[in-house]
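Content type compact mmCIF, C-alpha atoms, from the file work_7.txt:
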```txt
# COMPACT_ATOMS: atom_id res chain seq x y z
CA MET A 30 10.15 79.72 -98.00
CA GLU A 31 7.57 77.40 -99.56
CA ILE A 32 10.41 75.26 -100.91
CA CYS A 33 11.53 74.71 -97.32
CA TYR A 34 8.05 73.47 -96.40
CA GLN A 35 7.81 71.29 -99.48
CA ARG A 36 11.08 69.61 -98.64
CA GLY A 37 10.07 68.96 -95.06
CA TRP A 38 12.77 71.21 -93.58
CA THR A 39 10.64 73.12 -91.10
CA ASP A 40 9.13 72.45 -87.70
CA GLY A 41 5.84 73.91 -88.91
CA LEU A 42 6.84 77.53 -88.46
CA PRO A 43 8.40 79.52 -91.30
CA VAL A 44 12.17 79.36 -91.59
CA THR A 45 14.72 81.77 -92.98
CA PRO A 46 15.84 80.37 -96.35
CA PRO A 47 19.51 79.29 -95.98
CA THR A 48 21.12 81.15 -98.86
CA ASP A 49 24.88 81.06 -99.41
CA GLU A 50 25.25 84.61 -98.11
CA ARG A 51 23.34 83.91 -94.92
CA VAL A 52 25.21 80.68 -94.22
CA LEU A 53 28.59 82.32 -94.80
CA ARG A 54 27.59 85.16 -92.47
CA MET A 55 26.48 82.61 -89.85
CA LEU A 56 29.82 80.79 -90.08
CA ARG A 57 31.60 84.02 -89.11
CA GLY A 58 30.10 83.48 -85.64
CA THR A 59 32.64 80.75 -84.90
CA THR A 60 36.33 80.14 -85.41
CA ARG A 61 35.65 76.46 -86.01
CA LYS A 62 36.10 75.14 -89.54
CA PRO A 63 32.92 74.54 -91.56
CA ASP A 64 33.86 70.92 -92.29
CA GLU A 65 34.56 70.01 -88.67
CA VAL A 66 32.34 67.12 -87.68
CA ILE A 67 30.45 67.76 -84.44
CA GLY A 68 29.07 64.24 -84.21
CA ARG A 69 26.45 61.85 -85.47
CA ILE A 70 22.84 62.89 -85.06
CA PRO A 71 20.18 60.32 -84.21
CA PRO A 72 18.04 58.64 -85.28
CA PHE A 73 19.89 58.00 -88.57
CA LEU A 74 23.31 58.74 -87.06
CA ALA A 75 24.18 61.15 -89.84
CA GLU A 76 27.33 63.26 -89.51
CA CYS A 77 26.74 66.88 -88.64
CA THR A 78 29.40 69.41 -89.58
CA VAL A 79 29.71 72.96 -88.32
CA GLU A 80 28.34 74.05 -91.71
CA LYS A 81 25.22 71.86 -91.41
CA ALA A 82 24.62 73.27 -87.94
CA ALA A 83 25.07 76.78 -89.33
CA ILE A 84 22.55 76.15 -92.12
CA ASN A 85 19.97 75.04 -89.58
CA ALA A 86 20.84 77.99 -87.33
CA VAL A 87 20.11 80.33 -90.25
CA MET A 88 16.78 78.61 -90.78
CA ALA A 89 15.94 78.91 -87.08
CA GLY A 90 16.56 82.67 -87.22
CA CYS A 91 19.81 82.79 -85.22
CA LEU A 92 22.32 85.60 -85.41
CA PRO A 93 25.95 84.56 -86.05
CA GLU A 94 26.92 85.32 -82.46
CA TYR A 95 24.51 82.60 -81.29
CA LEU A 96 26.29 79.88 -83.28
CA PRO A 97 28.82 78.93 -80.55
CA VAL A 98 25.90 78.36 -78.17
CA VAL A 99 24.11 76.20 -80.74
CA LEU A 100 27.27 74.14 -81.30
CA ALA A 101 27.83 73.64 -77.57
CA ALA A 102 24.19 72.63 -77.14
CA LEU A 103 24.58 70.13 -79.93
CA GLU A 104 27.74 68.70 -78.37
CA ALA A 105 25.92 68.35 -75.06
CA ALA A 106 22.97 66.64 -76.73
CA LEU A 107 25.27 64.08 -78.32
CA GLU A 108 26.84 62.91 -75.06
CA PRO A 109 25.68 59.32 -74.44
CA GLU A 110 24.16 60.14 -71.04
CA PHE A 111 21.84 62.66 -72.67
CA THR A 112 20.20 59.77 -74.63
CA LEU A 113 19.07 62.00 -77.47
CA HIS A 114 17.83 59.10 -79.57
CA GLY A 115 15.56 57.84 -76.80
CA LEU A 116 14.39 61.36 -76.00
CA LEU A 117 13.38 61.82 -79.61
CA ALA A 118 11.73 58.43 -79.95
CA THR A 119 9.85 58.31 -76.66
CA THR A 120 6.08 58.44 -76.43
CA TYR A 121 6.60 60.90 -73.53
CA PHE A 122 6.27 64.69 -73.80
CA SER A 123 9.88 65.71 -73.38
CA GLY A 124 12.52 67.29 -75.59
CA PRO A 125 15.80 69.12 -75.02
CA ILE A 126 15.63 72.12 -72.67
CA VAL A 127 18.57 74.52 -73.01
CA ILE A 128 19.84 76.71 -70.14
CA VAL A 129 22.63 79.21 -70.73
CA ASN A 130 24.94 80.54 -68.02
CA GLY A 131 27.77 83.01 -67.96
CA PRO A 132 28.85 86.13 -69.84
CA VAL A 133 27.68 84.86 -73.23
CA ALA A 134 24.06 85.09 -72.08
CA ARG A 135 24.45 88.83 -71.49
CA ARG A 136 26.53 89.33 -74.62
CA ILE A 137 23.82 87.92 -76.88
CA ASP A 138 21.08 89.57 -74.82
CA MET A 139 19.31 86.42 -73.65
CA ASN A 140 16.27 86.79 -71.46
CA CYS A 141 16.39 85.58 -67.87
CA GLY A 142 13.81 88.05 -66.57
CA ILE A 143 10.21 88.91 -67.41
CA ASN A 144 8.65 86.17 -69.56
CA ALA A 145 11.95 84.24 -69.61
CA LEU A 146 10.15 81.02 -70.54
CA GLY A 147 7.94 82.71 -73.10
CA GLN A 148 8.16 84.46 -76.42
CA GLY A 149 9.84 87.68 -77.49
CA ASN A 150 13.60 87.18 -77.23
CA ARG A 151 15.45 86.23 -80.38
CA ALA A 152 18.29 84.29 -78.77
CA ASN A 153 16.01 82.35 -76.44
CA ALA A 154 13.66 81.53 -79.30
CA THR A 155 16.13 80.56 -81.97
CA ILE A 156 18.96 78.72 -80.18
CA GLY A 157 16.65 76.01 -78.89
CA ARG A 158 14.88 75.91 -82.23
CA ALA A 159 18.16 75.46 -84.11
CA LEU A 160 18.99 72.39 -82.02
CA ASN A 161 15.61 70.83 -82.76
CA LEU A 162 15.91 71.63 -86.48
CA ILE A 163 19.32 69.91 -86.59
CA VAL A 164 17.79 66.77 -85.09
CA ARG A 165 14.96 66.98 -87.62
CA ASN A 166 16.95 67.79 -90.73
CA VAL A 167 20.37 66.21 -90.20
CA GLY A 168 19.31 63.33 -87.97
CA GLY A 169 15.99 62.67 -89.69
CA GLY A 170 14.00 62.82 -86.45
CA ARG A 171 10.47 63.73 -87.45
CA PRO A 172 7.13 63.45 -85.68
CA GLY A 173 5.22 60.38 -86.69
CA GLU A 174 8.41 58.71 -87.87
CA ALA A 175 11.18 58.23 -85.28
CA ASP A 176 9.52 60.79 -82.99
CA ARG A 177 6.70 58.75 -81.43
CA ALA A 178 5.43 61.26 -78.84
CA THR A 179 1.83 60.56 -77.90
CA LEU A 180 1.10 64.27 -77.47
CA GLY A 181 4.45 66.06 -77.49
CA ALA A 182 4.64 69.54 -76.03
CA PRO A 183 4.91 73.12 -77.34
CA SER A 184 8.38 73.18 -75.77
CA LYS A 185 9.56 70.81 -78.51
CA TYR A 186 9.74 73.83 -80.82
CA THR A 187 12.17 75.47 -78.41
CA LEU A 188 12.65 75.89 -74.67
CA CYS A 189 15.81 77.86 -74.05
CA PHE A 190 16.56 80.56 -71.50
CA ALA A 191 19.33 82.04 -69.40
CA GLU A 192 19.77 81.89 -65.65
CA ASP A 193 19.51 85.08 -63.62
CA GLU A 194 22.97 85.44 -62.09
CA SER A 195 22.45 88.96 -60.76
CA ASP A 196 22.61 87.91 -57.08
CA PRO A 197 26.26 87.24 -56.15
CA GLY A 198 25.04 85.12 -53.25
CA TRP A 199 23.44 82.60 -55.58
CA GLU A 200 25.49 79.73 -56.98
CA PRO A 201 24.70 79.57 -60.71
CA LEU A 202 23.73 76.24 -62.23
CA SER A 203 27.00 76.09 -64.16
CA VAL A 204 29.04 76.44 -60.97
CA ALA A 205 26.92 73.83 -59.20
CA ARG A 206 27.73 71.53 -62.10
CA GLY A 207 31.48 71.99 -61.75
CA PHE A 208 32.38 74.95 -63.96
CA ALA A 209 34.22 78.07 -62.91
CA ARG A 210 32.31 81.22 -62.12
CA GLY A 211 32.54 83.37 -65.22
CA ALA A 212 32.56 80.44 -67.63
CA SER A 213 29.91 80.46 -70.34
CA THR A 214 28.08 77.16 -70.46
CA VAL A 215 25.05 75.48 -71.85
CA THR A 216 23.15 72.86 -69.86
CA LEU A 217 20.77 70.46 -71.53
CA PHE A 218 17.95 68.74 -69.68
CA GLN A 219 15.41 66.21 -70.95
CA GLY A 220 12.07 67.80 -70.14
CA HIS A 221 9.09 69.89 -71.11
CA GLY A 222 6.85 72.49 -69.69
CA PRO A 223 6.41 74.81 -67.99
CA GLU A 224 3.91 73.90 -65.30
CA ALA A 225 2.74 76.72 -63.06
CA PHE A 226 3.44 76.90 -59.33
CA VAL A 227 1.53 79.56 -57.40
CA ASP A 228 1.96 80.29 -53.69
CA GLN A 229 1.26 83.84 -52.61
CA LYS A 230 0.91 83.18 -48.90
CA SER A 231 3.84 81.12 -47.65
CA ARG A 232 6.36 83.43 -46.03
CA THR A 233 8.98 81.09 -44.56
CA ALA A 234 11.48 78.82 -46.28
CA GLU A 235 10.00 75.82 -44.51
CA ALA A 236 6.44 76.61 -45.58
CA LEU A 237 7.48 77.34 -49.15
CA THR A 238 9.40 74.04 -49.26
CA ARG A 239 6.32 72.09 -48.16
CA SER A 240 4.23 73.99 -50.69
CA LEU A 241 6.64 73.38 -53.56
CA ALA A 242 6.79 69.70 -52.60
CA MET A 243 3.03 69.43 -53.10
CA ALA A 244 3.39 70.73 -56.64
CA LEU A 245 6.51 68.72 -57.45
CA ASN A 246 4.80 65.54 -56.32
CA ARG A 247 2.26 65.97 -59.13
CA ILE A 248 4.87 65.46 -61.87
CA GLY A 249 3.57 62.74 -64.18
CA HIS A 250 1.14 61.52 -61.54
CA PRO A 251 1.09 61.93 -57.75
CA LYS A 252 1.57 58.18 -57.36
CA LEU A 253 4.45 57.88 -59.84
CA VAL A 254 7.51 58.08 -57.61
CA GLN A 255 11.19 57.33 -57.22
CA ASN A 256 12.38 58.17 -60.72
CA ALA A 257 11.37 61.81 -61.25
CA ARG A 258 13.65 64.55 -62.48
CA ALA A 259 12.79 68.21 -62.86
CA ILE A 260 14.02 71.76 -63.08
CA LEU A 261 12.50 74.21 -60.64
CA VAL A 262 12.62 77.71 -62.10
CA LEU A 263 12.62 79.84 -59.00
CA SER A 264 11.26 83.35 -59.47
CA PRO A 265 12.83 86.36 -57.71
CA GLU A 266 10.03 86.71 -55.16
CA HIS A 267 10.05 83.04 -54.19
CA TYR A 268 13.85 83.04 -54.17
CA ALA A 269 13.85 86.01 -51.79
CA ILE A 270 12.05 83.92 -49.17
CA PHE A 271 14.81 81.31 -49.26
CA ARG A 272 17.59 83.90 -49.49
CA ASP A 273 16.28 85.82 -46.48
CA ALA A 274 16.28 82.59 -44.49
CA GLY A 275 19.91 82.02 -45.44
CA TRP A 276 19.20 79.00 -47.60
CA ASP A 277 21.52 78.33 -50.55
CA ARG A 278 21.03 76.07 -53.57
CA ARG A 279 22.15 72.91 -51.73
CA ARG A 280 19.89 73.57 -48.78
CA ILE A 281 16.85 74.18 -50.97
CA GLU A 282 17.49 71.13 -53.13
CA SER A 283 18.05 68.79 -50.20
CA ALA A 284 15.03 70.17 -48.32
CA LEU A 285 12.84 69.60 -51.39
CA TYR A 286 14.20 66.08 -51.80
CA GLU A 287 13.22 65.31 -48.21
CA ALA A 288 9.85 67.08 -48.44
CA THR A 289 8.81 65.17 -51.54
CA GLN A 290 9.17 61.82 -49.79
CA ARG A 291 5.81 60.29 -48.95
CA PRO A 292 4.52 57.27 -47.06
CA GLY A 293 4.32 54.22 -49.28
CA ARG A 294 0.81 53.45 -48.06
CA GLU A 295 -0.46 56.56 -49.90
CA LEU A 296 1.31 55.54 -53.08
CA ILE A 297 0.55 51.87 -53.56
CA ALA A 298 -1.45 50.74 -56.56
CA PHE A 299 -5.19 51.10 -55.99
CA ALA A 300 -4.80 53.29 -52.90
CA ASP A 301 -7.65 55.86 -53.05
CA GLY A 302 -9.21 53.73 -55.76
CA VAL A 303 -6.53 54.73 -58.29
CA GLY A 304 -4.75 51.94 -60.13
CA GLU A 305 -1.47 53.80 -60.68
CA GLY A 306 1.08 53.28 -57.94
CA ILE A 307 3.86 51.19 -56.45
CA PRO A 308 3.68 47.55 -55.27
CA ALA A 309 1.73 46.97 -52.06
CA SER A 310 4.85 45.45 -50.50
CA ARG A 311 6.29 48.98 -50.19
CA ALA A 312 3.43 50.34 -48.07
CA GLY A 313 5.69 50.69 -45.03
CA GLU A 314 8.46 52.67 -46.75
CA ALA A 315 9.08 56.39 -47.09
CA VAL A 316 9.37 56.73 -50.86
CA PRO A 317 11.14 59.64 -52.59
CA LYS A 318 9.63 61.33 -55.63
CA PHE A 319 13.00 62.14 -57.18
CA TYR A 320 16.20 60.42 -57.97
CA GLU A 321 18.88 61.79 -55.69
CA GLY A 322 20.21 64.87 -57.49
CA GLY A 323 17.27 64.71 -59.88
CA LEU A 324 16.01 68.18 -59.01
CA MET A 325 17.90 71.19 -60.39
CA ILE A 326 17.10 74.78 -59.50
CA VAL A 327 17.50 77.64 -61.95
CA ARG A 328 16.75 81.26 -61.10
CA ALA A 329 14.77 83.27 -63.64
CA GLY A 330 11.71 85.43 -63.99
CA GLY A 331 10.39 88.94 -63.59
CA PRO A 332 10.53 90.87 -60.33
CA ALA A 333 6.82 90.70 -59.55
CA GLY A 334 4.88 87.53 -58.93
CA LEU A 335 4.99 84.83 -56.30
CA PHE A 336 4.99 82.30 -59.11
CA SER A 337 7.61 79.76 -60.04
CA ALA A 338 7.72 77.13 -62.77
CA ILE A 339 8.33 73.42 -62.88
CA LEU A 340 9.91 71.90 -65.95
CA PRO A 341 9.22 68.19 -65.50
CA GLY A 342 11.80 65.74 -66.74
CA TRP A 343 11.40 62.67 -68.89
CA LEU A 344 10.09 59.88 -66.67
CA ALA A 345 12.37 57.16 -67.93
CA GLY A 346 15.38 55.07 -67.10
CA ARG A 347 16.07 52.25 -64.72
CA ASN A 348 18.52 54.11 -62.53
CA ARG A 349 19.76 57.56 -61.60
CA LEU A 350 22.73 57.59 -63.95
CA GLU A 351 21.14 56.20 -67.07
CA LEU A 352 20.12 59.60 -68.37
CA GLN A 353 21.54 62.81 -67.04
CA PRO A 354 21.63 66.52 -67.80
CA VAL A 355 24.79 67.54 -69.62
CA THR A 356 26.72 70.81 -69.29
CA LYS A 357 29.31 72.01 -71.81
CA GLU A 358 31.49 75.05 -71.90
CA ILE A 359 30.83 77.28 -74.90
CA ARG A 360 33.82 77.61 -77.25
CA LEU A 361 33.87 80.77 -79.30
CA MET B 4 16.70 85.41 -110.56
CA THR B 5 17.66 82.00 -109.24
CA THR B 6 18.19 81.69 -105.49
CA TRP B 7 20.27 78.79 -104.27
CA LEU B 8 19.64 77.29 -100.86
CA ARG B 9 22.05 75.24 -98.79
CA ASP B 10 20.77 71.77 -97.97
CA PRO B 11 20.10 71.50 -94.19
CA THR B 12 19.84 67.71 -94.27
CA ALA B 13 22.50 65.05 -94.05
CA GLU B 14 22.28 64.63 -97.84
CA THR B 15 21.96 60.92 -97.33
CA SER B 16 18.93 58.72 -97.32
CA ALA B 17 18.28 55.72 -95.17
CA LEU B 18 18.24 52.39 -96.94
CA MET B 19 14.66 51.16 -96.71
CA ARG B 20 14.42 47.42 -97.14
CA PRO B 21 11.02 45.83 -97.77
CA ARG B 22 9.65 43.95 -94.80
CA LYS B 23 9.57 40.18 -95.00
CA SER B 24 6.09 38.88 -95.68
CA PRO B 25 4.41 37.35 -92.63
CA PRO B 26 4.73 33.56 -92.71
CA LYS B 27 1.62 31.55 -93.46
CA SER B 28 2.40 29.25 -90.55
CA LEU B 29 4.71 29.29 -87.54
CA ASP B 30 5.38 25.56 -87.82
CA GLY B 31 9.09 24.88 -87.59
CA LEU B 32 9.97 28.56 -87.17
CA THR B 33 11.72 30.25 -84.26
CA VAL B 34 10.13 33.33 -82.73
CA ALA B 35 12.38 35.90 -81.08
CA LEU B 36 10.81 37.50 -78.02
CA MET B 37 12.44 40.90 -77.57
CA ASP B 38 12.26 42.64 -74.19
CA ILE B 39 12.89 46.36 -74.83
CA GLY B 40 13.47 47.09 -71.17
CA LYS B 41 10.11 48.53 -70.17
CA THR B 42 8.59 47.74 -66.81
CA ARG B 43 6.90 44.33 -66.75
CA SER B 44 7.98 43.48 -70.30
CA ASP B 45 9.26 40.18 -68.94
CA GLU B 46 5.87 39.29 -67.45
CA PHE B 47 4.17 39.92 -70.78
CA LEU B 48 6.75 37.93 -72.72
CA ASN B 49 6.62 35.05 -70.21
CA GLN B 50 2.91 34.70 -70.93
CA VAL B 51 3.41 34.88 -74.67
CA GLU B 52 6.25 32.38 -74.55
CA ALA B 53 4.14 29.90 -72.62
CA ARG B 54 1.39 30.17 -75.25
CA PHE B 55 3.84 29.65 -78.11
CA ASN B 56 5.49 26.69 -76.40
CA GLU B 57 2.10 25.07 -75.71
CA ARG B 58 1.65 25.03 -79.48
CA GLY B 59 5.09 23.60 -80.08
CA ILE B 60 6.54 26.81 -81.48
CA LYS B 61 10.18 27.46 -80.66
CA THR B 62 11.08 30.72 -78.97
CA ARG B 63 14.30 32.53 -78.07
CA ARG B 64 14.54 35.40 -75.64
CA TYR B 65 16.44 38.64 -76.30
CA ALA B 66 16.65 41.86 -74.37
CA LYS B 67 18.15 45.29 -74.46
CA PRO B 68 19.27 46.78 -71.18
CA THR B 69 16.89 49.75 -71.16
CA ASN B 70 14.12 51.26 -73.20
CA THR B 71 15.84 54.67 -73.30
CA LYS B 72 18.66 53.54 -75.57
CA VAL B 73 18.77 51.72 -78.88
CA ALA B 74 19.34 47.97 -78.96
CA PRO B 75 23.00 47.00 -79.20
CA ALA B 76 23.89 45.99 -82.77
CA GLU B 77 24.92 42.56 -81.52
CA VAL B 78 21.42 41.87 -80.19
CA VAL B 79 19.82 42.91 -83.48
CA GLN B 80 22.25 40.78 -85.46
CA ASN B 81 21.67 37.77 -83.21
CA ILE B 82 17.92 38.05 -83.73
CA ALA B 83 18.40 38.30 -87.49
CA THR B 84 20.54 35.19 -87.63
CA GLU B 85 18.89 33.02 -84.97
CA ALA B 86 15.16 33.65 -85.44
CA ASP B 87 12.62 33.79 -88.23
CA LEU B 88 10.40 36.50 -86.80
CA VAL B 89 10.42 38.76 -83.79
CA LEU B 90 7.80 39.86 -81.29
CA ILE B 91 8.54 43.05 -79.37
CA GLY B 92 6.82 43.98 -76.11
CA LEU B 93 6.28 47.70 -76.48
CA SER B 94 4.27 48.80 -73.49
CA ASP B 95 4.53 49.02 -69.70
```
Would it be possible to restate this file's structure as structure tokens?
Amino acid sequence: MEICYQRGWTDGLPVTPPTDERVLRMLRGTTRKPDEVIGRIPPFLAECTVEKAAINAVMAGCLPEYLPVVLAALEAALEPEFTLHGLLATTYFSGPIVIVNGPVARRIDMNCGINALGQGNRANATIGRALNLIVRNVGGGRPGEADRATLGAPSKYTLCFAEDESDPGWEPLSVARGFARGASTVTLFQGHGPEAFVDQKSRTAEALTRSLAMALNRIGHPKLVQNARAILVLSPEHYAIFRDAGWDRRRIESALYEATQRPGRELIAFADGVGEGIPASRAGEAVPKFYEGGLMIVRAGGPAGLFSAILPGWLAGRNRLELQPVTKEIRL
Amino acid sequence: MTTWLRDPTAETSALMRPRKSPPKSLDGLTVALMDIGKTRSDEFLNQVEARFNERGIKTRRYAKPTNTKVAPAEVVQNIATEADLVLIGLSD
């Protein structure tokens, strides 16, 4: 274990030493050949094989049956629109957030319920960690070197969870992103968190929408607008308010997009004596907080608590398409 | 008992070249002004360029399309061949 620290192979937490036996056992989790190249990992654009991914998965504490999820997450991270290099190098807080949908989440016993964004579940904890270790060890992306985050975030160790798909009336994230119901997928988002949202008194979909909009408008800064992205992790009790009103994913997302628009006069630089803000020339506009389609909803959480969570996205990019979440089907 | 560990790294090392020493004078040199795509980078570099030009120092402008992605290799190579030193605007 100390050797792993001495060689700079860990994220600060202890790792499982990657012995031959453990790596061979890990490789039994996939039918893919060990020497298959998954892609080039930034920042040094080094080739990553299935075997290198497996070694890092061992170190992260994964079980072999998690390996296909790790490989799919890695493939998603390497798509150009995910901008992994920039996400690593940015001074901003964000890192890769991993969301798993479909039967694989149940098969490997991922947590989508109580404490879904917290500690205590091996798959949640180690799949996201394996991805970050691959970037560190294969790609050479280390804090203080290519990773220039001003503060970073605890979620850069790992932030990985499954979506609660127990309600047949809810369209899972994977289906909303174009995959068949029943497909196992991994979706990667550039973000961090979570930030708490508490509303224990709103009882209608309209009121809850206005309430959520107040919290979503705080992302980054209340006067930073137009280019936000986020995941809203909707808890069962908050979801029930929307469900009982007959609102589906599209309706909630579009209502939140509308509700987070604000008058430009409140947002211009130096309004309320605060320098941050948009040019004064936009005072007469209604200005959205989010890029269109920039807000994704994922259902998770325990049955009690009128709490939801916001996972703010990386505030970057010049247009909506420059960086995007990426979803990949998981190949076994 | 000896325990062997598999190497989790790329088993390669980046080629680190020593930085060029800063020139004693900018006389006769060309300064590349690199816009990395952050908001208002151009305003900052316009000001810097005006100051350089007032002093008779030649400048050339370069840009990458966005700060979220690495500079295209062609831009980096052009800077290396067409300029003697580079100034990068890093902040918003």
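If you measure from each of A:Tyr286, A:Tyr34, A:Phe190, A:Trp199 to Gly322 (chain A) using all atoms listed in the file, the closest one turns out to be A:Tyr286.
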Quick check: residues of chain A within 9 Å of chain B, all atoms listed in the file, returned as a PDB file with C-alpha atoms, in the frame of the given file.
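The result, stored in part.pdb:
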```
ATOM      1  CA  TRP A  38      12.770  71.210 -93.580  1.00  0.00           C
ATOM      2  CA  PRO A  46      15.840  80.370 -96.350  1.00  0.00           C
ATOM      3  CA  PRO A  47      19.510  79.290 -95.980  1.00  0.00           C
ATOM      4  CA  THR A  48      21.120  81.150 -98.860  1.00  0.00           C
ATOM      5  CA  ASP A  49      24.880  81.060 -99.410  1.00  0.00           C
ATOM      6  CA  VAL A  52      25.210  80.680 -94.220  1.00  0.00           C
ATOM      7  CA  PHE A  73      19.890  58.000 -88.570  1.00  0.00           C
ATOM      8  CA  ALA A  75      24.180  61.150 -89.840  1.00  0.00           C
ATOM      9  CA  GLU A  76      27.330  63.260 -89.510  1.00  0.00           C
ATOM     10  CA  CYS A  77      26.740  66.880 -88.640  1.00  0.00           C
ATOM     11  CA  GLU A  80      28.340  74.050 -91.710  1.00  0.00           C
ATOM     12  CA  LYS A  81      25.220  71.860 -91.410  1.00  0.00           C
ATOM     13  CA  ALA A  82      24.620  73.270 -87.940  1.00  0.00           C
ATOM     14  CA  ALA A  83      25.070  76.780 -89.330  1.00  0.00           C
ATOM     15  CA  ILE A  84      22.550  76.150 -92.120  1.00  0.00           C
ATOM     16  CA  ASN A  85      19.970  75.040 -89.580  1.00  0.00           C
ATOM     17  CA  MET A  88      16.780  78.610 -90.780  1.00  0.00           C
ATOM     18  CA  THR A 112      20.200  59.770 -74.630  1.00  0.00           C
ATOM     19  CA  LEU A 113      19.070  62.000 -77.470  1.00  0.00           C
ATOM     20  CA  HIS A 114      17.830  59.100 -79.570  1.00  0.00           C
ATOM     21  CA  GLY A 115      15.560  57.840 -76.800  1.00  0.00           C
ATOM     22  CA  LEU A 116      14.390  61.360 -76.000  1.00  0.00           C
ATOM     23  CA  ALA A 118      11.730  58.430 -79.950  1.00  0.00           C
ATOM     24  CA  THR A 119       9.850  58.310 -76.660  1.00  0.00           C
ATOM     25  CA  LEU A 162      15.910  71.630 -86.480  1.00  0.00           C
ATOM     26  CA  ILE A 163      19.320  69.910 -86.590  1.00  0.00           C
ATOM     27  CA  ARG A 165      14.960  66.980 -87.620  1.00  0.00           C
ATOM     28  CA  ASN A 166      16.950  67.790 -90.730  1.00  0.00           C
ATOM     29  CA  VAL A 167      20.370  66.210 -90.200  1.00  0.00           C
ATOM     30  CA  GLY A 168      19.310  63.330 -87.970  1.00  0.00           C
ATOM     31  CA  GLY A 169      15.990  62.670 -89.690  1.00  0.00           C
ATOM     32  CA  ALA A 345      12.370  57.160 -67.930  1.00  0.00           C
ATOM     33  CA  GLY A 346      15.380  55.070 -67.100  1.00  0.00           C
ATOM     34  CA  ARG A 347      16.070  52.250 -64.720  1.00  0.00           C
ATOM     35  CA  GLU A 351      21.140  56.200 -67.070  1.00  0.00           C
ATOM     36  CA  LEU A 352      20.120  59.600 -68.370  1.00  0.00           C
TER      37      LEU A 352
END
```
### Query
Got a sec: who's within 10 Å of Ile91 (chain B), counting all atoms listed in the file, leaving out chain neighbours fewer than 5 positions off, as a list in words?
Ala35, Leu36, Met37, Asp38, Ile39, Ser44, Leu48, Tyr65 and Ala66 of chain B
Env of Arg291 (chain A): 10 Å cut, atoms = all atoms listed in the file, seq-sep filter 2 positions within chain, self excluded. Answer as a PDB file with C-alpha atoms, in the coordinates of the input.
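This went into selection31.pdb:
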```
ATOM      1  CA  ASN A 246       4.800  65.540 -56.320  1.00  0.00           C
ATOM      2  CA  LYS A 252       1.570  58.180 -57.360  1.00  0.00           C
ATOM      3  CA  VAL A 254       7.510  58.080 -57.610  1.00  0.00           C
ATOM      4  CA  GLU A 287      13.220  65.310 -48.210  1.00  0.00           C
ATOM      5  CA  ALA A 288       9.850  67.080 -48.440  1.00  0.00           C
ATOM      6  CA  THR A 289       8.810  65.170 -51.540  1.00  0.00           C
ATOM      7  CA  GLY A 293       4.320  54.220 -49.280  1.00  0.00           C
ATOM      8  CA  ARG A 294       0.810  53.450 -48.060  1.00  0.00           C
ATOM      9  CA  GLU A 295      -0.460  56.560 -49.900  1.00  0.00           C
ATOM     10  CA  LEU A 296       1.310  55.540 -53.080  1.00  0.00           C
ATOM     11  CA  GLU A 314       8.460  52.670 -46.750  1.00  0.00           C
ATOM     12  CA  ALA A 315       9.080  56.390 -47.090  1.00  0.00           C
ATOM     13  CA  VAL A 316       9.370  56.730 -50.860  1.00  0.00           C
ATOM     14  CA  PRO A 317      11.140  59.640 -52.590  1.00  0.00           C
ATOM     15  CA  LYS A 318       9.630  61.330 -55.630  1.00  0.00           C
TER      16      LYS A 318
END
```
### Query
Using only C-alpha atoms, which residues sit within 9 Å of Asn153 (chain A) once same-chain residues fewer than 6 positions away are excluded, as JSON, numbers by chain?
{"A": [127, 138, 139, 140, 145, 146, 147, 187, 188, 189, 190, 191]}
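Among the candidates A:Gly330, A:Pro97, A:Pro292, A:Pro223, the residue lying nearest to Ala309 (chain A) is A:Pro292 (atoms considered: only C-alpha atoms).
Picture a line from CA of Ile70 (chain A) to CA of Leu107 (chain A); it runs 7.3 Å.
Coordinates place CA of Thr45 (chain A) at a distance of 6.1 Å from CA of Gly90 (chain A).
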#### Entry: Å distance separating CA of Ile307 (chain A) from CA of Pro109 (chain A), one decimal place
29.4 Å
Working from the structure I just supplied, which lacks atoms in region 198-204 of chain A, can you model N, CA and C atoms there and output them as a PDB file, keeping the file's coordinate frame?
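That gives us selection.pdb:
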```
ATOM      1  N   GLY A 198      25.168  86.146 -54.272  1.00  0.00           N
ATOM      2  CA  GLY A 198      25.040  85.120 -53.250  1.00  0.00           C
ATOM      3  C   GLY A 198      24.494  83.806 -53.765  1.00  0.00           C
ATOM      4  N   TRP A 199      24.028  83.815 -54.994  1.00  0.00           N
ATOM      5  CA  TRP A 199      23.440  82.600 -55.580  1.00  0.00           C
ATOM      6  C   TRP A 199      24.486  81.845 -56.390  1.00  0.00           C
ATOM      7  N   GLU A 200      24.577  80.553 -56.193  1.00  0.00           N
ATOM      8  CA  GLU A 200      25.490  79.730 -56.980  1.00  0.00           C
ATOM      9  C   GLU A 200      24.799  79.375 -58.301  1.00  0.00           C
ATOM     10  N   PRO A 201      25.338  79.873 -59.424  1.00  0.00           N
ATOM     11  CA  PRO A 201      24.700  79.570 -60.710  1.00  0.00           C
ATOM     12  C   PRO A 201      24.715  78.064 -61.001  1.00  0.00           C
ATOM     13  N   LEU A 202      23.811  77.661 -61.866  1.00  0.00           N
ATOM     14  CA  LEU A 202      23.730  76.240 -62.230  1.00  0.00           C
ATOM     15  C   LEU A 202      25.058  75.722 -62.755  1.00  0.00           C
ATOM     16  N   SER A 203      25.727  76.530 -63.569  1.00  0.00           N
ATOM     17  CA  SER A 203      27.000  76.090 -64.160  1.00  0.00           C
ATOM     18  C   SER A 203      28.041  75.816 -63.088  1.00  0.00           C
ATOM     19  N   VAL A 204      28.064  76.638 -62.053  1.00  0.00           N
ATOM     20  CA  VAL A 204      29.040  76.440 -60.970  1.00  0.00           C
ATOM     21  C   VAL A 204      28.667  75.195 -60.168  1.00  0.00           C
TER      22      VAL A 204
END
```
